[in-house]
$ cat query21.cif   # mmCIF, C-alpha atoms
data_my_file
#
loop_
_atom_site.label_atom_id
_atom_site.label_comp_id
_atom_site.auth_asym_id
_atom_site.auth_seq_id
_atom_site.Cartn_x
_atom_site.Cartn_y
_atom_site.Cartn_z
CA MET T 12 -71.20 -13.01 31.91
CA ASN T 13 -70.88 -12.13 35.57
CA GLY T 14 -67.23 -11.30 36.33
CA GLU T 15 -67.23 -13.48 39.43
CA LEU T 16 -68.53 -16.46 37.46
CA ASN T 17 -66.01 -15.84 34.71
CA SER T 18 -63.25 -17.00 37.07
CA TYR T 19 -64.90 -20.45 37.11
CA CYS T 20 -65.01 -20.84 33.31
CA ALA T 21 -62.69 -23.52 31.95
CA ARG T 22 -61.44 -23.10 28.38
CA LEU T 23 -62.04 -26.05 26.04
CA ARG T 24 -59.65 -27.55 23.53
CA VAL T 25 -59.50 -30.72 21.45
CA GLY T 26 -57.45 -33.43 23.18
CA PRO T 27 -54.10 -34.26 21.54
CA ARG T 28 -55.16 -37.84 20.80
CA TYR T 29 -58.31 -36.64 18.99
CA VAL T 30 -56.98 -33.82 16.79
CA GLU T 31 -57.42 -35.89 13.62
CA VAL T 32 -61.00 -37.05 14.31
CA VAL T 33 -62.74 -34.36 16.39
CA SER T 34 -63.71 -30.91 15.18
CA ALA T 35 -63.46 -27.76 17.26
CA PRO T 36 -65.48 -27.83 20.51
CA PRO T 37 -69.10 -26.68 20.23
CA ALA T 38 -68.52 -24.19 23.06
CA SER T 39 -65.35 -22.25 23.79
CA SER T 40 -65.70 -22.71 27.55
CA VAL T 41 -67.74 -24.42 30.25
CA LEU T 42 -68.77 -23.14 33.67
CA VAL T 43 -67.41 -25.36 36.46
CA VAL T 44 -70.14 -25.03 39.08
CA GLY T 45 -68.92 -27.44 41.74
CA TYR T 46 -67.06 -30.53 42.81
CA ARG T 47 -67.88 -34.16 43.60
CA ALA T 48 -65.53 -36.85 44.94
CA CYS T 49 -66.40 -40.50 44.24
CA PHE T 50 -64.94 -43.86 45.10
CA ALA T 51 -64.65 -46.82 42.77
CA THR T 52 -67.15 -45.71 40.09
CA ALA T 53 -68.45 -42.58 38.39
CA PRO T 54 -71.39 -40.80 40.06
CA LYS T 55 -74.90 -41.83 39.05
CA PRO T 56 -77.31 -39.33 37.47
CA GLY T 57 -79.02 -37.21 40.13
CA THR T 58 -76.02 -37.25 42.48
CA PRO T 59 -75.72 -33.86 44.23
CA VAL T 60 -72.70 -31.65 43.58
CA ALA T 61 -71.12 -29.29 46.12
CA ALA T 62 -71.37 -25.90 44.44
CA PHE T 63 -68.47 -23.47 44.52
CA PRO T 64 -68.91 -20.14 46.37
CA ALA T 65 -71.25 -17.61 44.73
CA ILE T 66 -72.55 -20.17 42.22
CA THR T 67 -76.25 -21.05 42.28
CA PRO T 68 -78.62 -22.20 39.54
CA ALA T 69 -80.14 -18.70 39.57
CA THR T 70 -76.79 -17.04 38.75
CA THR T 71 -75.99 -19.48 35.94
CA THR T 72 -79.25 -19.45 33.99
CA THR T 73 -78.28 -16.50 31.80
CA ASP T 74 -74.78 -17.73 30.99
CA ALA T 75 -73.95 -19.14 27.58
CA ALA T 76 -71.34 -21.54 29.05
CA PRO T 77 -72.74 -25.02 29.79
CA PRO T 78 -72.59 -25.94 33.51
CA MET T 79 -70.36 -28.88 34.49
CA ALA T 80 -69.04 -30.41 37.70
CA LEU T 81 -65.44 -31.30 38.44
CA VAL T 82 -65.45 -34.95 39.49
CA SER T 83 -62.66 -37.02 41.02
CA ILE T 84 -63.09 -40.78 40.89
CA GLU T 85 -60.75 -42.89 42.98
CA ARG T 86 -60.80 -46.09 40.97
CA ALA T 87 -60.30 -49.43 42.68
CA THR T 88 -61.29 -53.07 42.29
CA GLN T 89 -63.48 -54.83 44.83
CA ILE T 90 -61.87 -58.08 45.96
CA ILE T 91 -64.08 -60.70 47.63
CA ARG T 92 -62.31 -63.61 49.33
CA ASP T 93 -63.52 -65.95 52.04
CA ARG T 94 -66.60 -63.84 52.85
CA GLU T 95 -64.45 -60.73 53.20
CA SER T 96 -64.59 -57.77 50.90
CA TYR T 97 -61.98 -55.06 50.38
CA TRP T 98 -60.88 -52.59 47.72
CA GLU T 99 -57.48 -52.62 46.06
CA GLU T 100 -55.88 -50.19 43.63
CA GLY T 101 -53.88 -51.53 40.71
CA TYR T 102 -55.15 -55.09 41.17
CA PHE T 103 -55.02 -55.82 37.43
CA GLY T 104 -51.69 -54.08 36.90
CA ILE T 105 -51.39 -52.39 33.52
CA PHE T 106 -54.79 -53.76 32.44
CA GLY T 107 -56.81 -52.16 35.21
CA ASP T 108 -57.80 -48.55 35.55
CA SER T 109 -56.76 -47.45 39.02
CA GLY T 110 -55.75 -44.29 40.81
CA VAL T 111 -57.61 -40.98 40.78
CA HIS T 112 -59.34 -39.97 37.55
CA TRP T 113 -60.45 -36.34 37.07
CA CYS T 114 -63.09 -35.17 34.60
CA LEU T 115 -65.88 -32.67 33.98
CA ILE T 116 -69.44 -34.07 33.82
CA PRO T 117 -72.61 -32.16 32.80
CA VAL T 118 -74.95 -31.03 35.58
CA ASP T 119 -78.55 -29.89 35.75
CA PRO T 120 -80.07 -27.41 38.21
CA THR T 121 -82.80 -28.59 40.60
CA VAL T 122 -85.85 -26.79 41.95
CA ASP T 123 -84.25 -26.52 45.41
CA SER T 124 -81.29 -24.45 44.10
CA ARG T 125 -78.73 -27.23 43.83
CA PHE T 126 -76.86 -28.94 41.01
CA VAL T 127 -77.01 -32.67 40.27
CA ILE T 128 -75.23 -34.89 37.75
CA ALA T 129 -77.22 -34.79 34.48
CA GLU T 130 -79.31 -37.73 33.32
CA GLY T 131 -77.55 -40.25 31.07
CA TRP T 132 -74.16 -41.88 30.97
CA TRP T 133 -71.21 -39.70 30.03
CA ALA T 134 -67.98 -40.64 28.28
CA ALA T 135 -65.00 -38.59 27.12
CA GLY T 136 -65.94 -36.71 23.99
CA GLY T 137 -62.42 -35.90 22.80
CA TYR T 138 -62.20 -32.51 24.53
CA GLN T 139 -60.11 -31.26 27.40
CA ALA T 140 -60.71 -28.32 29.72
CA VAL T 141 -58.03 -26.07 31.13
CA LEU T 142 -59.09 -25.22 34.69
CA THR T 143 -58.73 -21.77 36.20
CA ARG T 144 -57.04 -20.83 39.48
CA SER T 145 -60.41 -20.33 41.16
CA VAL T 146 -61.47 -23.89 40.37
CA ILE T 147 -58.15 -25.38 41.47
CA ALA T 148 -58.27 -23.34 44.69
CA ASN T 149 -61.58 -25.06 45.54
CA ALA T 150 -60.24 -28.51 44.55
CA PRO T 151 -56.53 -28.27 45.45
CA THR T 152 -55.46 -31.71 44.21
CA ALA T 153 -57.04 -31.28 40.77
CA PRO T 154 -54.78 -31.19 37.71
CA THR T 155 -54.74 -28.17 35.43
CA VAL T 156 -56.13 -30.06 32.42
CA VAL T 157 -59.00 -32.58 32.69
CA ALA T 158 -61.07 -34.62 30.25
CA VAL T 159 -64.58 -33.43 29.40
CA HIS T 160 -67.17 -36.22 29.62
CA ASN T 161 -70.04 -34.85 27.56
CA ALA T 162 -70.78 -37.66 25.10
CA HIS T 163 -73.20 -40.56 25.48
CA PRO T 164 -71.07 -43.71 24.88
CA SER T 165 -73.74 -45.55 22.85
CA THR T 166 -75.00 -42.79 20.58
CA GLY T 167 -72.11 -40.35 20.61
CA ARG T 168 -74.55 -37.45 21.11
CA LYS T 169 -73.16 -34.53 23.07
CA LYS T 170 -74.82 -32.83 26.03
CA TRP T 171 -74.32 -29.42 24.39
#

$ encode --input "query21.cif" --output "structure tokens"
Amino acid sequence: MNGELNSYCARLRVGPRYVEVVSAPPASSVLVVGYRACFATAPKPGTPVAAFPAITPATTTTDAAPPMALVSIERATQIIRDRESYWEEGYFGIFGDSGVHWCLIPVDPTVDSRFVIAEGWWAAGGYQAVLTRSVIANAPTAPTVVAVHNAHPSTGRKKW
């Protein structure tokens, strides 16, 4: 693998909550190709991703590591009252999912040399990725360890 791209490879491990039920990851690492920030919900398939420097679909085609995007989702609940609409974090207290959620989601290259979120719906597959310094430098508020969303929630099939 290209040495420059190697600095964007995140190592995979089985999440601590899934050690009993999930086998070793199918790949030892994934290539984090870019970043996408979202508000309220996860990005839809086909959503463009801002690629990191020196990463293009042409440079990643020969790599064995599956390409994924680092995604931050600022979760909130839409409140509609008296014809007014606003967003509020933590509206449901301990029952609601609020705050910023970080994960890796599979991406596909496009013909115009970009990356987009892969087709399908993606849920956490029981794996975590340990991000490198290069990735965190391009997304400074990202945590060191993030969930890998590579499983279809209905079928359980993995992207790779």

$ residues_around --input "query21.cif" --residues "T:Val141" --least-positions-apart "3" --cutoff "8 Å" --atoms "only C-alpha atoms" --output "PyMOL selection string"
chain T and resi 21-24+155-157

$ closest_residue --input "query21.cif" --among "T:Ser96, T:Ala162, T:Asn149, T:Val60" --to "T:Ala135" --atoms "all atoms listed in the file"
T:Ala162

$ residues_around --input "query21.cif" --residues "stretch 111-114 of chain T" --least-positions-apart "4" --cutoff "6 Å" --atoms "all atoms listed in the file" --output "number ranges by chain"
T: 81-85, 157-159

$ resolve_selection --input "query21.cif" --expression "the PyMOL selection byres ((chain T and resi 20) around 12)" --output "mmCIF file with C-alpha atoms, in the coordinates of the input"
data_model
loop_
_atom_site.group_PDB
_atom_site.id
_atom_site.type_symbol
_atom_site.label_atom_id
_atom_site.label_comp_id
_atom_site.auth_asym_id
_atom_site.auth_seq_id
_atom_site.Cartn_x
_atom_site.Cartn_y
_atom_site.Cartn_z
ATOM 1 C CA MET T 12 -71.200 -13.010 31.910
ATOM 2 C CA ASN T 13 -70.880 -12.130 35.570
ATOM 3 C CA GLY T 14 -67.230 -11.300 36.330
ATOM 4 C CA GLU T 15 -67.230 -13.480 39.430
ATOM 5 C CA LEU T 16 -68.530 -16.460 37.460
ATOM 6 C CA ASN T 17 -66.010 -15.840 34.710
ATOM 7 C CA SER T 18 -63.250 -17.000 37.070
ATOM 8 C CA TYR T 19 -64.900 -20.450 37.110
ATOM 9 C CA ALA T 21 -62.690 -23.520 31.950
ATOM 10 C CA ARG T 22 -61.440 -23.100 28.380
ATOM 11 C CA LEU T 23 -62.040 -26.050 26.040
ATOM 12 C CA ALA T 38 -68.520 -24.190 23.060
ATOM 13 C CA SER T 39 -65.350 -22.250 23.790
ATOM 14 C CA SER T 40 -65.700 -22.710 27.550
ATOM 15 C CA VAL T 41 -67.740 -24.420 30.250
ATOM 16 C CA LEU T 42 -68.770 -23.140 33.670
ATOM 17 C CA VAL T 43 -67.410 -25.360 36.460
ATOM 18 C CA VAL T 44 -70.140 -25.030 39.080
ATOM 19 C CA GLY T 45 -68.920 -27.440 41.740
ATOM 20 C CA ILE T 66 -72.550 -20.170 42.220
ATOM 21 C CA THR T 71 -75.990 -19.480 35.940
ATOM 22 C CA ASP T 74 -74.780 -17.730 30.990
ATOM 23 C CA ALA T 75 -73.950 -19.140 27.580
ATOM 24 C CA ALA T 76 -71.340 -21.540 29.050
ATOM 25 C CA PRO T 77 -72.740 -25.020 29.790
ATOM 26 C CA PRO T 78 -72.590 -25.940 33.510
ATOM 27 C CA MET T 79 -70.360 -28.880 34.490
ATOM 28 C CA ALA T 80 -69.040 -30.410 37.700
ATOM 29 C CA LEU T 81 -65.440 -31.300 38.440
ATOM 30 C CA LEU T 115 -65.880 -32.670 33.980
ATOM 31 C CA ALA T 140 -60.710 -28.320 29.720
ATOM 32 C CA VAL T 141 -58.030 -26.070 31.130
ATOM 33 C CA LEU T 142 -59.090 -25.220 34.690
ATOM 34 C CA THR T 143 -58.730 -21.770 36.200
ATOM 35 C CA ARG T 144 -57.040 -20.830 39.480
ATOM 36 C CA SER T 145 -60.410 -20.330 41.160
ATOM 37 C CA VAL T 146 -61.470 -23.890 40.370
ATOM 38 C CA ILE T 147 -58.150 -25.380 41.470
#

$ closest_residue --input "query21.cif" --among "T:Ala153, T:Ala148, T:Val127, T:Val122" --to "T:Ala61" --atoms "all atoms listed in the file"
T:Val127

$ atom_distance --input "query21.cif" --atom1 "atom CA of T:Gly26" --atom2 "atom CA of T:Gly137"
5.6 Å

$ closest_residue --input "query21.cif" --among "T:Thr58, T:Gln89, T:Thr67, T:Ser34" --to "T:Pro120" --atoms "only C-alpha atoms"
T:Thr67

$ atom_distance --input "query21.cif" --atom1 "atom CA of T:Arg86" --atom2 "atom CA of T:Phe50"
6.3 Å

$ atom_distance --input "query21.cif" --atom1 "atom CA of T:Ala48" --atom2 "atom CA of T:Ala150"
9.9 Å
